[in-house]
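Everything on this sheet refers to the single structure shown next.
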Amino acid sequence: MPVTREQDIRRRAIDATRDLAAEGGYDSVQMRDVVRLSRLSSATIYRHFSSKDHLLAATHLEWIAALERSGAARPDGANAAERVCAILRDTCRTMARHPRLTAALIHALGSSDPGVGDCHREINRIMNTMFRTALADEVTNADEFVHLLGIAWEGALFSWAFGRMTMTEVEHTVCRATHLLLLGTTTEAATTP
């Protein structure tokens with residue numbers, strides 16, 4: 001399928017943003033540098049993205065969408081807790097391999113920019129779908145579980161982004177939260193690792 005002009009613009013702007021953030025983090029993503037690397041005009045970029053934070057959130061959304069398309073979104077596991085923790089572990093480990101990029105993406109999600117909010121909602125929708133698939137029919141109140149896990153994970157990621165936790169601690173915290181939440185929401189008691 002041929003790439004449309006709109007898709008090409010998004011791709012070039014997001015690629016430039018990702019490269020800048022991966023190299024130097026949040027502060028290194030400057031619109032003039034996105035313009036230079038993408039070879040797009042600033043007017044073109046601003047027609048599609050309202051701000052630097054919106055560009056970073058769109059980059060994050062693309063990353064999560066790629067995760068959803070990968071095998072990591074459908075892990076094997078004997079029970080819901082194992083499958084959910086596999087998603088969390090794979091995601092945390094990928095983030096740990098790209099710390100500057102990850103910190104920039106997490107930082108941007110704190111913005112009040114409406115474009116960021118749209119991306120954040122879509123990121124949450126994708127992650128919620130992945131978690132619900134991993135839960136299968138083992139959890140009686142999947143919506144509550146996914147909501148509470150999302151709060152725990154987002155809080156842990158913000159703590160990591162601002163230097164209060166390591167990514168290993170984030171991974172342990174969210175997997176532990178998964179087991180604790182599932183003990184109260186599964187039809188059979190889950191075992192903790």
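We label chains A, B, ... in the order they appear in the structure tokens, count residues from 1 in each chain, and number ligands from 1 in the order shown.
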For this session: Pull the alpha helix (DSSP H) assignments for segment 97-179 of chain A out of DSSP run on the backbone, and list those residues as a PyMOL selection string.
Result: chain A and resi 97+99-109+114-135+142-161+167-179
Exercise. Hey, what's within 12 Å of Arg47 of chain A if we count only C-alpha atoms and toss same-chain stuff fewer than 6 positions away? As a PyMOL selection string, please?
Worked result: chain A and resi 6+9-10+13+40-41+54-55+115
Exercise. What does the distance between atom CA of Met95 of chain A and atom CA of Ala80 of chain A come to in Å, to one decimal place?
Worked result: 22.6 Å
Problem set entry | Residue among A:Glu122, A:Glu154, A:Glu169, A:Asp137 lying closest to His60 of chain A, counting only C-alpha atoms | A:Glu122
Problem set entry | Distance of atom CA of Ala81 of chain A from atom CA of Leu182 of chain A, expressed in Å to one decimal place |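 Going from atom CA of Leu182 of chain A over to atom CA of Ala81 of chain A, I get 7.0 Å.
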For this session: Have a look at atom CA of Ile87 of chain A and atom CA of Glu68 of chain A and let me know their distance in Å, one decimal.
Result: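 About the pair atom CA of Ile87 of chain A and atom CA of Glu68 of chain A: they are 10.0 Å apart.
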Exercise. Hey, what's within 7 Å of segment 98-107 of chain A if we count only C-alpha atoms and toss same-chain stuff fewer than 6 positions away? As a list in words, please?
Worked result: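 The residues that qualify are Arg18, Ala21, Ala22, Glu23, Gly24, Gly25, Tyr26, Leu56, Ala57, His60, Phe158 and Ala161 of chain A.
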For this session: Extract, using only C-alpha atoms, all DNA, RNA and protein residues at most 9 Å from Glu62 of chain A, discarding same-chain residues fewer than 4 positions from it, and format them as an MDAnalysis selection string.
Result: chainID A and resid 14 57:58 66:67 123
Shell around Ala78 of chain A at 12 Å using only C-alpha atoms, local window under 3 positions removed, as an mmCIF file with all heavy atoms, in the first residue's frame:
data_model
loop_
_atom_site.group_PDB
_atom_site.id
_atom_site.type_symbol
_atom_site.label_atom_id
_atom_site.label_comp_id
_atom_site.auth_asym_id
_atom_site.auth_seq_id
_atom_site.Cartn_x
_atom_site.Cartn_y
_atom_site.Cartn_z
ATOM 1 N N PRO A 75 1.852 -12.912 25.213
ATOM 2 C CA PRO A 75 2.825 -13.821 25.829
ATOM 3 C C PRO A 75 2.191 -15.133 26.279
ATOM 4 O O PRO A 75 0.985 -15.218 26.504
ATOM 5 C CB PRO A 75 3.317 -13.026 27.040
ATOM 6 C CG PRO A 75 2.140 -12.189 27.409
ATOM 7 C CD PRO A 75 1.486 -11.824 26.092
ATOM 8 N N ALA A 81 -1.656 -13.758 35.763
ATOM 9 C CA ALA A 81 -0.557 -12.998 36.377
ATOM 10 C C ALA A 81 0.731 -13.177 35.587
ATOM 11 O O ALA A 81 1.447 -12.200 35.336
ATOM 12 C CB ALA A 81 -0.361 -13.419 37.829
ATOM 13 N N GLU A 82 1.043 -14.396 35.185
ATOM 14 C CA GLU A 82 2.254 -14.632 34.402
ATOM 15 C C GLU A 82 2.212 -13.894 33.063
ATOM 16 O O GLU A 82 3.212 -13.329 32.627
ATOM 17 C CB GLU A 82 2.450 -16.134 34.146
ATOM 18 C CG GLU A 82 2.933 -16.900 35.348
ATOM 19 C CD GLU A 82 3.170 -18.374 35.031
ATOM 20 O OE1 GLU A 82 3.265 -18.744 33.836
ATOM 21 O OE2 GLU A 82 3.269 -19.153 35.991
ATOM 22 N N ARG A 83 1.062 -13.907 32.414
ATOM 23 C CA ARG A 83 0.951 -13.257 31.099
ATOM 24 C C ARG A 83 1.029 -11.737 31.224
ATOM 25 O O ARG A 83 1.723 -11.080 30.440
ATOM 26 C CB ARG A 83 -0.335 -13.703 30.408
ATOM 27 C CG ARG A 83 -0.308 -15.179 30.004
ATOM 28 C CD ARG A 83 -1.519 -15.577 29.183
ATOM 29 N NE ARG A 83 -2.776 -15.401 29.883
ATOM 30 C CZ ARG A 83 -3.351 -16.317 30.663
ATOM 31 N NH1 ARG A 83 -2.765 -17.493 30.871
ATOM 32 N NH2 ARG A 83 -4.515 -16.077 31.242
ATOM 33 N N VAL A 84 0.342 -11.160 32.203
ATOM 34 C CA VAL A 84 0.411 -9.709 32.404
ATOM 35 C C VAL A 84 1.836 -9.303 32.776
ATOM 36 O O VAL A 84 2.376 -8.329 32.232
ATOM 37 C CB VAL A 84 -0.607 -9.240 33.475
ATOM 38 C CG1 VAL A 84 -0.356 -7.794 33.876
ATOM 39 C CG2 VAL A 84 -2.036 -9.416 32.966
ATOM 40 N N CYS A 85 2.465 -10.049 33.680
ATOM 41 C CA CYS A 85 3.841 -9.712 34.073
ATOM 42 C C CYS A 85 4.804 -9.848 32.901
ATOM 43 O O CYS A 85 5.765 -9.069 32.805
ATOM 44 C CB CYS A 85 4.290 -10.573 35.260
ATOM 45 S SG CYS A 85 3.568 -10.005 36.819
ATOM 46 N N ALA A 86 4.561 -10.774 32.000
ATOM 47 C CA ALA A 86 5.426 -10.896 30.821
ATOM 48 C C ALA A 86 5.342 -9.638 29.960
ATOM 49 O O ALA A 86 6.361 -9.140 29.471
ATOM 50 C CB ALA A 86 5.049 -12.134 30.011
ATOM 51 N N ALA A 134 -4.415 -10.760 27.894
ATOM 52 C CA ALA A 134 -3.597 -11.581 28.789
ATOM 53 C C ALA A 134 -4.418 -12.142 29.958
ATOM 54 O O ALA A 134 -4.149 -13.245 30.438
ATOM 55 C CB ALA A 134 -2.418 -10.771 29.322
ATOM 56 N N LEU A 135 -5.413 -11.392 30.383
ATOM 57 C CA LEU A 135 -6.245 -11.842 31.496
ATOM 58 C C LEU A 135 -7.169 -12.985 31.099
ATOM 59 O O LEU A 135 -7.568 -13.785 31.953
ATOM 60 C CB LEU A 135 -7.088 -10.681 32.038
ATOM 61 C CG LEU A 135 -6.326 -9.546 32.709
ATOM 62 C CD1 LEU A 135 -7.252 -8.370 32.987
ATOM 63 C CD2 LEU A 135 -5.645 -10.022 33.979
ATOM 64 N N ALA A 136 -7.519 -13.037 29.816
ATOM 65 C CA ALA A 136 -8.463 -14.033 29.303
ATOM 66 C C ALA A 136 -9.749 -13.962 30.129
ATOM 67 O O ALA A 136 -10.240 -12.880 30.391
ATOM 68 C CB ALA A 136 -7.828 -15.408 29.281
ATOM 69 N N GLU A 138 -9.981 -15.206 33.217
ATOM 70 C CA GLU A 138 -9.590 -15.580 34.574
ATOM 71 C C GLU A 138 -9.917 -14.527 35.626
ATOM 72 O O GLU A 138 -9.825 -14.810 36.818
ATOM 73 C CB GLU A 138 -8.087 -15.868 34.619
ATOM 74 C CG GLU A 138 -7.665 -17.058 33.782
ATOM 75 C CD GLU A 138 -6.175 -17.252 33.776
ATOM 76 O OE1 GLU A 138 -5.526 -17.056 34.827
ATOM 77 O OE2 GLU A 138 -5.634 -17.585 32.708
ATOM 78 N N ALA A 190 -4.239 -16.409 43.049
ATOM 79 C CA ALA A 190 -2.991 -16.415 42.292
ATOM 80 C C ALA A 190 -1.840 -16.606 43.262
ATOM 81 O O ALA A 190 -1.919 -16.204 44.412
ATOM 82 C CB ALA A 190 -2.838 -15.099 41.527
ATOM 83 N N THR A 191 -0.779 -17.203 42.796
ATOM 84 C CA THR A 191 0.399 -17.338 43.648
ATOM 85 C C THR A 191 1.364 -16.213 43.319
ATOM 86 O O THR A 191 1.489 -15.809 42.185
ATOM 87 C CB THR A 191 1.079 -18.699 43.423
ATOM 88 O OG1 THR A 191 1.437 -18.801 42.056
ATOM 89 C CG2 THR A 191 0.165 -19.837 43.810
#
